[in-house]
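Here's query_34.cif, which has mmCIF, C-alpha atoms:
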data_start
#
loop_
_atom_site.label_atom_id
_atom_site.label_comp_id
_atom_site.auth_asym_id
_atom_site.auth_seq_id
_atom_site.Cartn_x
_atom_site.Cartn_y
_atom_site.Cartn_z
CA MET A 1 1.75 32.72 7.17
CA MET A 2 1.60 29.34 5.49
CA ASN A 3 -1.02 28.72 2.88
CA ILE A 4 -2.28 25.42 1.55
CA TRP A 5 0.32 25.33 -1.23
CA HIS A 6 3.17 25.56 1.27
CA ILE A 7 1.68 22.76 3.35
CA MET A 8 1.16 20.61 0.28
CA LEU A 9 4.73 21.14 -0.93
CA ILE A 10 6.26 20.41 2.45
CA VAL A 11 4.22 17.23 2.99
CA GLY A 12 4.94 16.20 -0.60
CA LEU A 13 8.68 16.68 -0.14
CA LEU A 14 8.67 14.88 3.22
CA THR A 15 6.75 11.96 1.73
CA PHE A 16 9.12 11.77 -1.21
CA GLY A 17 12.05 11.97 1.22
CA ILE A 18 10.69 9.06 3.25
CA ARG A 19 10.24 6.95 0.13
CA LEU A 20 13.72 7.82 -1.12
CA SER A 21 15.43 7.50 2.28
CA PHE A 22 16.69 3.93 2.40
CA ILE A 23 17.08 3.70 -1.35
CA VAL A 24 19.81 6.33 -0.96
CA ILE A 25 21.16 5.22 2.43
CA LEU A 26 21.58 1.55 1.46
CA ASP A 27 23.59 2.71 -1.55
CA ARG A 28 26.51 3.87 0.56
CA TRP A 29 26.14 1.67 3.57
CA GLN A 30 26.20 -2.10 3.74
CA PRO A 31 23.64 -3.03 6.40
CA PRO A 32 24.38 -5.75 8.96
CA LYS A 33 23.22 -9.27 8.10
CA LEU A 34 20.46 -8.99 10.70
CA VAL A 35 18.89 -6.03 8.88
CA GLU A 36 19.10 -7.85 5.56
CA ARG A 37 17.29 -10.82 7.05
CA ALA A 38 14.71 -8.53 8.64
CA LEU A 39 13.82 -6.96 5.29
CA ARG A 40 12.47 -10.27 4.04
CA PHE A 41 9.60 -9.94 6.51
CA VAL A 42 8.57 -6.40 5.53
CA PRO A 43 5.93 -7.25 2.91
CA VAL A 44 4.27 -9.97 4.92
CA ALA A 45 4.30 -7.96 8.16
CA VAL A 46 3.06 -4.63 6.76
CA LEU A 47 0.41 -6.10 4.48
CA SER A 48 -0.91 -8.38 7.25
CA ALA A 49 -1.10 -5.33 9.51
CA ILE A 50 -3.22 -3.56 6.88
CA ILE A 51 -5.50 -6.58 6.29
CA ALA A 52 -6.27 -7.74 9.83
CA PRO A 53 -8.05 -4.60 11.13
CA GLU A 54 -10.11 -4.47 7.91
CA LEU A 55 -11.42 -7.94 8.67
CA VAL A 56 -12.00 -8.04 12.41
CA LEU A 57 -12.78 -4.42 13.37
CA VAL A 58 -16.30 -3.17 12.75
CA GLY A 59 -16.58 0.55 13.46
CA GLY A 60 -13.46 0.32 15.61
CA THR A 61 -14.55 -2.57 17.83
CA LEU A 62 -13.45 -6.18 17.64
CA ASP A 63 -16.06 -8.48 16.10
CA ILE A 64 -15.07 -12.11 15.64
CA SER A 65 -18.49 -13.62 15.00
CA LEU A 66 -20.61 -15.00 12.17
CA GLY A 67 -22.30 -11.60 12.05
CA ASN A 68 -19.09 -9.99 10.71
CA LEU A 69 -19.60 -10.39 6.98
CA ARG A 70 -16.22 -8.96 6.00
CA LEU A 71 -14.48 -11.53 8.19
CA LEU A 72 -16.41 -14.36 6.53
CA ALA A 73 -15.67 -13.03 3.04
CA GLY A 74 -12.02 -12.58 4.05
CA ILE A 75 -11.80 -16.22 5.15
CA VAL A 76 -13.23 -17.36 1.81
CA ALA A 77 -10.75 -15.11 -0.01
CA THR A 78 -7.90 -16.55 2.08
CA LEU A 79 -8.83 -20.09 1.07
CA VAL A 80 -9.09 -19.10 -2.60
CA ALA A 81 -5.75 -17.26 -2.46
CA TRP A 82 -4.14 -20.31 -0.88
CA GLN A 83 -5.54 -22.67 -3.53
CA THR A 84 -5.23 -20.53 -6.67
CA LYS A 85 -2.43 -18.03 -5.84
CA ASN A 86 -4.34 -15.72 -8.20
CA ILE A 87 -5.20 -12.08 -7.39
CA VAL A 88 -8.21 -11.81 -9.69
CA TRP A 89 -9.86 -15.02 -8.44
CA THR A 90 -9.24 -13.99 -4.85
CA ILE A 91 -10.89 -10.59 -5.38
CA VAL A 92 -13.81 -12.07 -7.32
CA ALA A 93 -14.42 -14.74 -4.66
CA GLY A 94 -14.10 -12.32 -1.73
CA MET A 95 -16.27 -9.60 -3.29
CA SER A 96 -18.98 -12.04 -4.46
CA MET A 97 -19.09 -13.59 -1.02
CA LEU A 98 -19.36 -10.20 0.67
CA LEU A 99 -22.06 -8.90 -1.68
CA ILE A 100 -24.11 -12.12 -1.39
CA LEU A 101 -23.86 -12.08 2.41
CA GLN A 102 -24.77 -8.38 2.49
CA HIS A 103 -27.74 -9.04 0.25
CA PHE A 104 -29.16 -11.65 2.60
CA PHE A 105 -28.01 -10.52 6.03
CA ALA A 106 -27.46 -6.77 6.03
CA MET B 1 11.52 -5.68 -26.02
CA HIS B 2 11.94 -7.47 -22.68
CA ALA B 3 11.82 -4.12 -20.95
CA ARG B 4 8.56 -3.31 -22.68
CA LYS B 5 7.10 -6.68 -21.70
CA GLU B 6 8.07 -6.15 -18.06
CA PHE B 7 6.49 -2.70 -18.14
CA PHE B 8 3.29 -4.09 -19.63
CA ASN B 9 3.15 -6.96 -17.12
CA GLY B 10 3.59 -4.58 -14.21
CA PHE B 11 0.86 -2.33 -15.54
CA ARG B 12 -1.44 -5.32 -16.06
CA ASP B 13 -0.78 -6.86 -12.64
CA GLU B 14 -1.60 -3.54 -10.97
CA LEU B 15 -5.04 -3.34 -12.63
CA PRO B 16 -6.97 -5.50 -10.11
CA LEU B 17 -5.87 -3.14 -7.34
CA LEU B 18 -7.29 -0.15 -9.15
CA LEU B 19 -10.80 -1.40 -8.43
CA GLY B 20 -10.15 -0.52 -4.82
CA VAL B 21 -8.09 2.61 -5.49
CA MET B 22 -10.44 4.44 -7.87
CA PRO B 23 -13.34 4.83 -5.40
CA PHE B 24 -10.87 6.16 -2.81
CA GLY B 25 -9.57 8.70 -5.31
CA MET B 26 -13.08 9.86 -6.14
CA ILE B 27 -14.08 10.17 -2.51
CA TYR B 28 -10.87 12.08 -1.84
CA GLY B 29 -11.78 14.53 -4.62
CA ILE B 30 -15.23 15.08 -3.17
CA LEU B 31 -13.88 15.47 0.38
CA ALA B 32 -11.23 17.92 -0.73
CA LEU B 33 -13.81 20.25 -2.27
CA ALA B 34 -16.02 19.90 0.79
CA ALA B 35 -13.01 20.88 2.90
CA GLY B 36 -12.72 24.13 0.96
CA LEU B 37 -9.91 23.36 -1.50
CA THR B 38 -10.24 24.62 -5.05
CA THR B 39 -10.36 22.03 -7.84
CA GLY B 40 -6.78 22.97 -8.77
CA GLU B 41 -5.55 22.54 -5.21
CA ALA B 42 -7.34 19.21 -4.81
CA GLN B 43 -5.79 17.85 -8.01
CA ALA B 44 -2.36 19.28 -7.22
CA MET B 45 -2.33 17.49 -3.88
CA SER B 46 -2.85 14.17 -5.66
CA VAL B 47 0.22 14.92 -7.76
CA ILE B 48 2.45 16.49 -5.11
CA VAL B 49 1.63 14.39 -2.04
CA PHE B 50 0.42 11.27 -3.89
CA ALA B 51 -0.48 9.27 -0.78
CA GLY B 52 -4.11 8.32 -0.24
CA SER B 53 -4.59 8.07 3.51
CA ALA B 54 -2.38 11.11 4.16
CA GLN B 55 -4.39 13.17 1.69
CA PHE B 56 -7.66 12.18 3.38
CA MET B 57 -6.30 13.22 6.73
CA LEU B 58 -4.78 16.46 5.41
CA VAL B 59 -7.95 17.81 3.86
CA GLN B 60 -9.94 16.95 6.97
CA LEU B 61 -7.43 18.69 9.23
CA LEU B 62 -7.35 21.72 6.93
CA ALA B 63 -11.15 21.86 6.92
CA VAL B 64 -11.27 22.32 10.70
CA GLY B 65 -8.50 24.93 10.65
CA THR B 66 -5.71 22.86 12.22
CA PRO B 67 -2.39 24.76 12.57
CA ALA B 68 -0.07 24.13 9.62
CA ILE B 69 2.67 22.52 11.70
CA VAL B 70 0.26 19.92 13.08
CA VAL B 71 -0.99 19.14 9.58
CA ILE B 72 2.57 18.69 8.33
CA VAL B 73 3.68 16.47 11.22
CA THR B 74 0.54 14.36 10.84
CA GLY B 75 1.18 13.85 7.14
CA PHE B 76 4.77 12.91 7.88
CA ILE B 77 3.85 10.32 10.52
CA ILE B 78 1.14 8.73 8.39
CA ASN B 79 3.63 8.24 5.59
CA LEU B 80 6.46 6.92 7.78
CA ARG B 81 5.55 3.34 6.92
CA HIS B 82 6.91 4.05 3.44
CA ALA B 83 10.39 4.01 4.97
CA LEU B 84 9.95 0.26 5.42
CA TYR B 85 9.05 -0.09 1.74
CA SER B 86 12.07 2.02 0.86
CA ALA B 87 14.37 -0.26 2.86
CA SER B 88 12.76 -3.35 1.39
CA ILE B 89 13.03 -2.20 -2.24
CA ALA B 90 16.49 -0.59 -1.90
CA PRO B 91 18.70 -3.68 -2.36
CA HIS B 92 16.84 -4.57 -5.55
CA ILE B 93 17.29 -1.22 -7.29
CA LYS B 94 20.81 -0.51 -6.11
CA GLN B 95 22.25 -0.69 -9.63
CA LEU B 96 19.88 1.90 -11.12
CA ASN B 97 20.90 5.47 -11.89
CA PRO B 98 19.70 8.40 -9.72
CA LEU B 99 16.97 9.36 -12.18
CA TRP B 100 15.39 5.92 -11.95
CA LYS B 101 15.71 5.91 -8.17
CA THR B 102 14.03 9.30 -7.94
CA LEU B 103 11.19 8.25 -10.22
CA LEU B 104 10.58 4.91 -8.49
CA SER B 105 10.70 6.56 -5.05
CA TYR B 106 8.02 9.01 -6.12
CA LEU B 107 5.87 6.06 -7.23
CA LEU B 108 6.48 3.99 -4.06
CA THR B 109 2.93 3.73 -2.64
CA ASP B 110 1.36 0.83 -0.69
CA GLU B 111 -0.25 -0.61 -3.80
CA ALA B 112 2.73 -0.21 -6.14
CA TYR B 113 5.08 -1.67 -3.51
CA ALA B 114 2.82 -4.69 -2.94
CA ILE B 115 2.95 -5.59 -6.63
CA ALA B 116 6.56 -4.64 -7.35
CA ILE B 117 8.06 -6.59 -4.44
CA THR B 118 6.42 -9.82 -5.62
CA ARG B 119 8.29 -9.39 -8.92
CA TYR B 120 11.61 -8.81 -7.14
CA TYR B 121 11.09 -11.95 -5.07
CA LYS B 122 10.75 -14.12 -8.17
CA ARG B 123 14.04 -15.87 -8.72
CA ASP B 124 14.55 -15.29 -12.44
CA ALA B 125 17.43 -12.95 -13.28
CA SER B 126 15.56 -10.51 -15.52
CA PRO B 127 17.56 -7.25 -15.67
CA TYR B 128 14.37 -5.28 -16.39
CA LYS B 129 12.39 -5.77 -13.18
CA HIS B 130 12.44 -2.01 -12.60
CA PHE B 131 10.32 -1.63 -15.72
CA TYR B 132 7.76 -3.89 -14.06
CA PHE B 133 7.84 -1.60 -11.00
CA LEU B 134 7.47 1.43 -13.28
CA GLY B 135 4.49 -0.12 -15.06
CA ALA B 136 2.74 -0.92 -11.79
CA GLY B 137 3.57 2.51 -10.36
CA LEU B 138 2.34 4.42 -13.41
CA ALA B 139 -0.89 2.39 -13.56
CA LEU B 140 -1.57 3.39 -9.98
CA TRP B 141 -0.46 6.99 -10.48
CA SER B 142 -2.71 7.58 -13.50
CA SER B 143 -5.72 5.97 -11.90
CA TRP B 144 -5.22 8.12 -8.79
CA GLN B 145 -5.08 11.31 -10.88
CA VAL B 146 -8.07 10.34 -13.02
CA SER B 147 -10.21 9.27 -10.08
CA THR B 148 -9.34 12.48 -8.21
CA ALA B 149 -10.44 14.46 -11.26
CA VAL B 150 -13.66 12.48 -11.54
CA GLY B 151 -14.41 13.06 -7.86
CA VAL B 152 -13.59 16.75 -8.18
CA PHE B 153 -15.45 17.54 -11.39
CA LEU B 154 -18.42 15.23 -11.39
CA GLY B 155 -18.93 14.92 -7.67
CA ALA B 156 -20.01 11.41 -8.58
CA GLN B 157 -19.88 8.82 -5.86
CA ILE B 158 -20.00 5.06 -5.96
CA PRO B 159 -22.58 3.92 -3.39
CA SER B 160 -20.83 2.68 -0.28
CA SER B 161 -23.14 -0.38 -0.30
CA TRP B 162 -20.98 -1.73 -3.14
CA SER B 163 -18.20 -2.10 -0.56
CA LEU B 164 -15.53 -1.55 -3.21
CA ASP B 165 -13.09 -0.43 -0.53
CA PHE B 166 -12.92 -4.10 0.50
CA THR B 167 -11.04 -5.02 -2.69
CA LEU B 168 -7.89 -3.51 -1.23
CA ALA B 169 -7.84 -5.94 1.71
CA LEU B 170 -8.64 -8.78 -0.71
CA THR B 171 -5.75 -7.85 -2.99
CA PHE B 172 -3.34 -7.84 -0.08
CA ILE B 173 -4.70 -11.24 1.04
CA ALA B 174 -4.01 -12.55 -2.46
CA ILE B 175 -0.42 -11.30 -2.20
CA VAL B 176 0.35 -12.33 1.40
CA ILE B 177 -1.16 -15.84 1.53
CA PRO B 178 0.97 -17.41 -1.25
CA SER B 179 4.11 -15.89 0.32
CA LEU B 180 3.57 -17.74 3.62
CA LYS B 181 5.91 -20.56 2.75
CA ASP B 182 7.73 -21.17 6.02
CA ARG B 183 7.21 -20.95 9.76
CA PRO B 184 8.96 -17.58 10.23
CA SER B 185 6.81 -15.78 7.66
CA ILE B 186 3.61 -17.34 9.03
CA LEU B 187 4.57 -16.22 12.51
CA ALA B 188 5.42 -12.73 11.21
CA ALA B 189 2.00 -12.48 9.54
CA ILE B 190 0.07 -13.67 12.59
CA SER B 191 1.92 -11.52 15.11
CA ALA B 192 1.68 -8.41 12.89
CA SER B 193 -2.06 -9.01 12.45
CA VAL B 194 -2.70 -9.37 16.17
CA VAL B 195 -0.66 -6.30 17.08
CA ALA B 196 -2.26 -4.20 14.32
CA VAL B 197 -5.70 -4.99 15.75
CA ILE B 198 -4.72 -4.44 19.39
CA THR B 199 -3.05 -1.10 18.61
CA ALA B 200 -5.68 0.03 16.09
CA GLY B 201 -6.63 2.87 18.45
CA LEU B 202 -3.27 4.61 17.95
CA PRO B 203 -3.47 7.86 15.98
CA TYR B 204 -1.94 8.46 12.52
CA LYS B 205 -2.02 4.77 11.57
CA LEU B 206 0.94 4.22 13.90
CA ASN B 207 -0.47 0.72 14.52
CA LEU B 208 0.89 -0.30 11.10
CA ILE B 209 4.50 0.48 11.97
CA THR B 210 4.19 -0.96 15.47
CA ALA B 211 2.70 -4.15 14.07
CA ALA B 212 5.26 -4.40 11.28
CA ILE B 213 8.17 -4.11 13.72
CA VAL B 214 6.71 -6.77 16.01
CA GLY B 215 6.00 -9.02 13.01
CA ILE B 216 9.57 -8.65 11.72
CA ALA B 217 10.95 -9.37 15.21
CA PHE B 218 8.87 -12.55 15.53
CA GLY B 219 9.94 -13.66 12.06
CA LEU B 220 13.63 -13.21 12.92
CA TRP B 221 13.22 -14.90 16.28
CA SER B 222 11.49 -17.88 14.68
CA GLU B 223 14.30 -18.22 12.12
CA LYS B 224 16.79 -18.61 14.95
CA ALA B 225 14.70 -20.91 17.11
#
Please express the file's structure as structure tokens.
Amino acid sequence: MMNIWHIMLIVGLLTFGIRLSFIVILDRWQPPKLVERALRFVPVAVLSAIIAPELVLVGGTLDISLGNLRLLAGIVATLVAWQTKNIVWTIVAGMSMLLILQHFFA
Amino acid sequence: MHARKEFFNGFRDELPLLLGVMPFGMIYGILALAAGLTTGEAQAMSVIVFAGSAQFMLVQLLAVGTPAIVVIVTGFIINLRHALYSASIAPHIKQLNPLWKTLLSYLLTDEAYAIAITRYYKRDASPYKHFYFLGAGLALWSSWQVSTAVGVFLGAQIPSSWSLDFTLALTFIAIVIPSLKDRPSILAAISASVVAVITAGLPYKLNLITAAIVGIAFGLWSEKA
């Protein structure tokens, strides 16, 4: 019978294994050029995939309207990120915008 | 000296992300106790599994008495996206010894990856970029442990009306937007976003991997066209 410690250890080892996987594999094996080129798009693709649902899904349903305050704050943050390329300013602008909008409209 | 500076810079650059991570850690701690874990078990999971969304899912599944094998497979699938990070980081840390590789793999979370990869993409030839990665990773690791402990012991909770969870999306916006320098990366970002939203209903966050693969494919295709 498995107890919680067994489950924790197995999931922990699997997670570690996933994180270590390609770091070990790519040591011994030279990937084809196509794979090397593909890797360049990993950050932008994964991070965009994390961001987009946060902005346009409200409780699991699509909401692209002025009533979606997180979307509005996200657009402001996008403009600030584009202009300043600065993480702190982007967070400050996005959070202020969201809190102000929530104060007045939520 | 340069190594120490890289370490410090990595630690410092990770700090803005902690604003979003700490509340998650606290809520995890509270949830874990509510799910019936002891304080020791809750804290140990943050050390052993060290993966936010998987931990949330695990304690919830355990709370409703899900069979162990289902819990394990679920945790595995949720964390599969880290394989992409592993592949992306691998070429940059090829020269490091196994001890470093083991340590950095353990620290390879969403938030540490997001910061570390921006350092590797800078063109300067610093031989100490792995210290930057280590600094970012340890900043995240310590804040995750501390916030778990705070959630577990104090049961304190930041009001959800503060919307601090939103800082995570904002941080990623701040990282992605400046990296959109050419048509292929813009296309990769847009297609991944659209697919992530369309497939958001998939279980175990599988929409992230689906979207990432489509985004990468569009990026490659656009390079050729």
Restrict the calculation to all atoms listed in the file, then for each residue of chain A with any atom at most 7 Å from an atom of chain B give the closest atom pair and their distance in Å to one decimal, rows by chain and rising residue number, as a Markdown table.
| residue | atom | partner | partner_atom | distance |
| --- | --- | --- | --- | --- |
| A:Met2 | CA | B:Ala68 | CA | 6.9 |
| A:Ile7 | CA | B:Ile72 | CA | 6.5 |
| A:Met8 | CA | B:Met45 | CA | 6.3 |
| A:Leu9 | CA | B:Ile48 | CA | 6.7 |
| A:Val11 | CA | B:Ile72 | CA | 5.8 |
| A:Gly12 | CA | B:Val49 | CA | 4.0 |
| A:Leu14 | CA | B:Phe76 | CA | 6.4 |
| A:Thr15 | CA | B:Asn79 | CA | 6.2 |
| A:Phe16 | CA | B:Tyr106 | CA | 5.7 |
| A:Ile18 | CA | B:Ala83 | CA | 5.3 |
| A:Arg19 | CA | B:Ser105 | CA | 5.2 |
| A:Leu20 | CA | B:Ser105 | CA | 5.1 |
| A:Ser21 | CA | B:Ser86 | CA | 6.6 |
| A:Phe22 | CA | B:Ala87 | CA | 4.8 |
| A:Ile23 | CA | B:Ala90 | CA | 4.4 |
| A:Leu26 | CA | B:Ala90 | CA | 6.5 |
| A:Asp27 | CA | B:Lys94 | CA | 6.2 |
| A:Ala38 | CA | B:Ile216 | CA | 6.0 |
| A:Leu39 | CA | B:Ser88 | CA | 5.4 |
| A:Phe41 | CA | B:Ile216 | CA | 5.4 |
| A:Val42 | CA | B:Ser88 | CA | 6.6 |
| A:Val44 | CA | B:Ala189 | CA | 5.7 |
| A:Ala45 | CA | B:Ala212 | CA | 4.8 |
| A:Val46 | CA | B:Ala212 | CA | 5.0 |
| A:Leu47 | CA | B:Phe172 | CA | 6.2 |
| A:Ser48 | CA | B:Ser193 | CA | 5.4 |
| A:Ala49 | CA | B:Ser193 | CA | 4.8 |
| A:Ile50 | CA | B:Leu208 | CA | 6.7 |
| A:Ile51 | CA | B:Ala169 | CA | 5.2 |
| A:Ala52 | CA | B:Ser193 | CA | 5.1 |
| A:Pro53 | CA | B:Val197 | CA | 5.2 |
| A:Glu54 | CA | B:Ala169 | CA | 6.8 |
| A:Gly74 | CA | B:Leu170 | CA | 7.0 |
| A:Ala77 | CA | B:Leu170 | CA | 6.7 |
| A:Thr78 | CA | B:Ile173 | CA | 6.3 |
| A:Ala81 | CA | B:Ala174 | CA | 5.0 |
| A:Trp82 | CA | B:Pro178 | CA | 5.9 |
| A:Lys85 | CA | B:Pro178 | CA | 5.7 |
| A:Asn86 | CA | B:Ala174 | CA | 6.6 |
| A:Ile87 | CA | B:Ala174 | CA | 5.1 |
| A:Val88 | CA | B:Pro16 | CA | 6.4 |
| A:Thr90 | CA | B:Ala174 | CA | 5.9 |
| A:Ile91 | CA | B:Leu170 | CA | 5.5 |
| A:Gly94 | CA | B:Leu170 | CA | 6.6 |
| A:Met95 | CA | B:Thr167 | CA | 7.0 |
Kindly resolve the PyMOL selection byres ((chain B and resi 135) around 6) on the present coordinates and return the residues as a PDB file with C-alpha atoms, in the coordinates of the input.
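Saved to out_0.pdb:
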ATOM      1  CA  PHE B   7       6.490  -2.700 -18.140  1.00  0.00           C
ATOM      2  CA  GLY B  10       3.590  -4.580 -14.210  1.00  0.00           C
ATOM      3  CA  PHE B  11       0.860  -2.330 -15.540  1.00  0.00           C
ATOM      4  CA  TYR B 132       7.760  -3.890 -14.060  1.00  0.00           C
ATOM      5  CA  PHE B 133       7.840  -1.600 -11.000  1.00  0.00           C
ATOM      6  CA  LEU B 134       7.470   1.430 -13.280  1.00  0.00           C
ATOM      7  CA  ALA B 136       2.740  -0.920 -11.790  1.00  0.00           C
ATOM      8  CA  GLY B 137       3.570   2.510 -10.360  1.00  0.00           C
ATOM      9  CA  LEU B 138       2.340   4.420 -13.410  1.00  0.00           C
TER      10      LEU B 138
END
Gap from CA of Gly65 (chain B) to CA of Tyr204 (chain B) - Å, one decimal |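 A separation of 17.8 Å between them.
Of the residues listed (A:Val58, A:Met97, A:Ala106, A:Val92), A:Met97 shows the shortest atom-to-atom separation from Leu72 (chain A); distances use only C-alpha atoms.
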Given the file shown, enumerate the residues that the PyMOL selection byres ((chain B and resi 146-151) around 8) captures and present them as a ChimeraX atom specification.
-> /B:22-30,42-43,46,142-145,152-157
On this file, the PyMOL selection byres ((chain B and resi 129) around 8) gives some set of residues; write that set as a list in words.
-> Ala3, Glu6, Arg119, Tyr120, Ser126, Pro127, Tyr128, His130, Phe131, Tyr132 and Phe133 of chain B
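Relative to CA of Ser65 (chain A), CA of Asp182 (chain B) is found at 28.7 Å.
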Hey, can you check how far CA of Trp100 (chain B) sits from CA of Pro31 (chain A)?
->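 Computing the Euclidean distance for CA of Trp100 (chain B) and CA of Pro31 (chain A) yields 22.0 Å.
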